[in-house]
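Take a look at the structure below.
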Amino acid sequence: MKNDFPIFKTYPELVYLDSAATSQKPQKVIDAVSDFYATYNANIHRGIYDLSQSATDLFENTRKKVADFIGAKHASEIIFTAGATEAFNFVAFGWAKKFLKKGDIIVLSEMEHHSNIIPWQQLKKEIGIEIVYLPLTKDYRLDYKNLSPNLKKKIKLVSLAHASNVLGTINPMEEIISYFKKINSDIKICIDAAQSVPHMQIDVAILDCDFFAFSSHKMLAPSGVGVLYSKKELLEEMDPFIYGSHMIDTVTKENATWAEIPDKFEPGTRNLEGVIGLGAAIDYLQEVGFEKIQKHESELVEYTLEMFKKQKNVTLFGPNNLEDRLGVFSFAVDNVHSHDVSEVLNRSHIAVRAGHHCAQVLMKCLGLTGTVRSSLYLYNTKEDIDRLQEGIEEVKKVFKI
Amino acid sequence: MDPLYREIILEHWQNPQNFGVIKDADIDVQEVNPLCGDAIRLTAKTQNGKIKKILFSGEGCAISRASASLYTEEIKGESIDVVKKKLEKDVLALLGIELTPARTKCALLIFNTVKKAIK
């Protein structure tokens, strides 16, 4: 599959193990973006002329494609944002700010990415909601069943990562959602699917979640595009979050009324070529097929776990079995700082992430300041893992461990 | 020999000089490298305009720790006026290695912490 990705032709030596940060792009996506400029480029929803209409059709067809891809009933339930981070801000300030009040509880977890923490913290400062963090079990799973009855009564929203960008843990979202909906069917569920959507078939109708956010650049598509899915009735009652052009119906000197969904949430001109690229990425993922992707990744996960088990003086932070696990491996080499590990790996053209991975809350809970993270995607091979192993041996040699 | 992790760097990484916290310090500051989140806490005692004792603590990579060890050795006992005149290149010279822009920030964390302490 590496052949589909030009970056590996440009750098044949590259061992890219940082897909949890951003994925590489297949030729098909690069072509779609380029083709948009060469064949379709015009602003959408504006012109009467043919070119603008073709661009609009392409953009709106992509909305439909995204809706089908995640199982949304209506295309208008798909909002194109600037990324998952922006999507959480929409939910926090468009929905929660309007409907929650002082003392209401929002449930997060200790494994959340900053993008699913900071908007809620800001909202807390503004309207006095409370935030409760679900802890982790010793084997890096979510401990979600032990909240006190007193707290449970006040929960209005649960916002959780579908999969951890640090530990690789996949949270059993269907069970978690039904658990909280049983406490109170009015509790809204928001899912950070940035890490899960690239790797597995999702059906938001089966999940029965209320908000669902992901980022285009982690799933083979361009950066600067994200998706917020929400149920039609929720989007309709939600306030816009960013104000300006396109999101309006009528405008006077004093006032404005809002457009229908999804336009109400898509001010200005969106990242058109990015959205088109996302459409091409979905085509590519579906052509390969999630069954094949998951089989390949699960073989690699098994291989990588075996490799880590054999390593001395290396600690893995994350589930050590295959079950409900993505190919994200956070680790530490005894006493060696993550930046030093990453530096030595880079000499062998191995790209990994080092540091706190935008999860400082999790790092603090684990008693760490940072880890090295190696994350896989469909283009990785066993040879990449062998190279990582050699790289780790080299780290030990340099630091005399 | 390793081009970056030279013997002197590894030595100071494993056995940092002036590592710890002074309990009754006149100076106690902390500085963070925003890139990685690593922080250095610097405590010092001064006498007659001179740095009598100086200790650093905190998590850090080999480069930042070796740099802190070497630089605190360099300025210990020195007059504050002299230390104020020190430049970034003086710290980098102590390390004697080529650094990328990202790793230069690691090396200069101690320099910025000292600057904050005596300004």
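Lettering and numbering for the structure tokens are positional, with chains as A, B, ... in the shown order, residues counted from 1 in each chain, and ligands counted from 1 in the shown order.
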Would you kindly report the residues of chain A within 8 Å of chain B, using only C-alpha atoms, as a short mmCIF file (atom, residue, chain, number, x, y, z; two decimals) with N, CA and C atoms, in the first residue's frame?
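Output contents, as saved in part_18.cif:
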data_model
loop_
_atom_site.label_atom_id
_atom_site.label_comp_id
_atom_site.auth_asym_id
_atom_site.auth_seq_id
_atom_site.Cartn_x
_atom_site.Cartn_y
_atom_site.Cartn_z
N VAL A 336 15.69 7.73 29.89
CA VAL A 336 16.01 8.57 28.73
C VAL A 336 14.76 9.40 28.39
N HIS A 337 14.97 10.69 28.27
CA HIS A 337 13.87 11.61 27.96
C HIS A 337 13.31 11.31 26.57
N SER A 338 12.01 11.51 26.41
CA SER A 338 11.36 11.17 25.13
C SER A 338 11.98 11.92 23.95
N HIS A 339 12.44 13.15 24.18
CA HIS A 339 13.05 13.90 23.07
C HIS A 339 14.38 13.30 22.64
N ASP A 340 15.10 12.75 23.61
CA ASP A 340 16.38 12.13 23.27
C ASP A 340 16.16 10.83 22.49
N GLY A 355 6.78 13.62 23.79
CA GLY A 355 6.23 14.69 24.62
C GLY A 355 4.94 14.28 25.27
N HIS A 356 4.04 15.27 25.44
CA HIS A 356 2.82 14.99 26.21
C HIS A 356 1.61 14.67 25.31
N THR A 369 6.08 12.94 32.48
CA THR A 369 6.10 14.26 31.84
C THR A 369 5.93 14.10 30.33
N VAL A 398 23.48 4.36 22.69
CA VAL A 398 23.95 5.74 22.87
C VAL A 398 23.93 6.13 24.34
N PHE A 399 22.86 5.74 25.03
CA PHE A 399 22.73 6.15 26.44
C PHE A 399 23.24 5.10 27.41
#
DSSP on the backbone: which residues in chain B end up as strand (DSSP E or B)? Give the answer as a PDB file with C-alpha atoms, in the first residue's frame.
ATOM      1  CA  PHE B  19      21.265  19.427  41.066  1.00  0.00           C
ATOM      2  CA  ILE B  27      16.165  33.239  44.499  1.00  0.00           C
ATOM      3  CA  ASP B  28      13.573  30.651  43.512  1.00  0.00           C
ATOM      4  CA  VAL B  29      12.237  30.707  39.955  1.00  0.00           C
ATOM      5  CA  GLN B  30      10.786  28.294  37.455  1.00  0.00           C
ATOM      6  CA  GLU B  31      10.874  28.393  33.675  1.00  0.00           C
ATOM      7  CA  VAL B  32       9.133  26.144  31.182  1.00  0.00           C
ATOM      8  CA  ALA B  39      10.507  22.839  33.464  1.00  0.00           C
ATOM      9  CA  ILE B  40      13.563  23.910  35.419  1.00  0.00           C
ATOM     10  CA  ARG B  41      13.350  25.186  38.973  1.00  0.00           C
ATOM     11  CA  LEU B  42      16.340  27.242  39.942  1.00  0.00           C
ATOM     12  CA  THR B  43      17.238  28.166  43.513  1.00  0.00           C
ATOM     13  CA  ALA B  44      20.217  30.302  44.492  1.00  0.00           C
ATOM     14  CA  LYS B  45      21.857  32.110  47.378  1.00  0.00           C
ATOM     15  CA  THR B  46      23.658  35.374  46.762  1.00  0.00           C
ATOM     16  CA  GLN B  47      26.224  37.252  48.830  1.00  0.00           C
ATOM     17  CA  LYS B  50      27.874  37.167  43.840  1.00  0.00           C
ATOM     18  CA  ILE B  51      26.151  33.846  43.252  1.00  0.00           C
ATOM     19  CA  LYS B  52      27.281  31.914  46.274  1.00  0.00           C
ATOM     20  CA  LYS B  53      25.314  28.753  45.647  1.00  0.00           C
ATOM     21  CA  ILE B  54      23.049  27.670  42.799  1.00  0.00           C
ATOM     22  CA  LEU B  55      21.006  24.490  42.287  1.00  0.00           C
ATOM     23  CA  PHE B  56      18.608  23.401  39.556  1.00  0.00           C
ATOM     24  CA  SER B  57      15.974  20.672  39.497  1.00  0.00           C
ATOM     25  CA  SER B  79      29.317  38.143  40.181  1.00  0.00           C
TER      26      SER B  79
END
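Here atom CA of Tyr40 of chain A and atom CA of Ala75 of chain A stand 21.4 Å from one another.
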DSSP-assigned alpha helix (DSSP H) members of segment 64-105 of chain B, reported as a ChimeraX atom specification: /B:64-75,80-84,88-95,101-105
Output file for the selection above: C-alpha atoms, as an mmCIF file, in the first residue's frame:
data_model
loop_
_atom_site.group_PDB
_atom_site.id
_atom_site.type_symbol
_atom_site.label_atom_id
_atom_site.label_comp_id
_atom_site.auth_asym_id
_atom_site.auth_seq_id
_atom_site.Cartn_x
_atom_site.Cartn_y
_atom_site.Cartn_z
ATOM 1 C CA SER B 64 18.752 20.488 28.802
ATOM 2 C CA ARG B 65 20.114 18.700 31.838
ATOM 3 C CA ALA B 66 23.719 18.699 30.639
ATOM 4 C CA SER B 67 23.389 22.328 29.663
ATOM 5 C CA ALA B 68 21.989 23.240 33.096
ATOM 6 C CA SER B 69 24.752 21.320 34.810
ATOM 7 C CA LEU B 70 27.502 22.951 32.756
ATOM 8 C CA TYR B 71 26.102 26.468 32.916
ATOM 9 C CA THR B 72 25.463 26.467 36.678
ATOM 10 C CA GLU B 73 29.055 25.227 37.136
ATOM 11 C CA GLU B 74 30.212 28.127 34.970
ATOM 12 C CA ILE B 75 28.361 30.870 36.854
ATOM 13 C CA ILE B 80 25.730 38.791 39.127
ATOM 14 C CA ASP B 81 26.849 41.683 36.903
ATOM 15 C CA VAL B 82 29.072 39.334 34.925
ATOM 16 C CA VAL B 83 26.309 36.730 34.617
ATOM 17 C CA LYS B 84 23.921 39.405 33.354
ATOM 18 C CA GLU B 88 23.107 32.494 24.497
ATOM 19 C CA LYS B 89 26.222 31.577 22.558
ATOM 20 C CA ASP B 90 28.185 31.263 25.798
ATOM 21 C CA VAL B 91 25.890 28.425 26.896
ATOM 22 C CA LEU B 92 25.984 26.735 23.503
ATOM 23 C CA ALA B 93 29.788 26.964 23.531
ATOM 24 C CA LEU B 94 29.891 24.991 26.782
ATOM 25 C CA LEU B 95 28.054 22.151 25.073
ATOM 26 C CA PRO B 101 16.449 24.866 16.422
ATOM 27 C CA ALA B 102 14.188 22.611 18.534
ATOM 28 C CA ARG B 103 17.059 21.216 20.558
ATOM 29 C CA THR B 104 18.620 24.689 20.927
ATOM 30 C CA LYS B 105 15.539 25.544 22.992
#
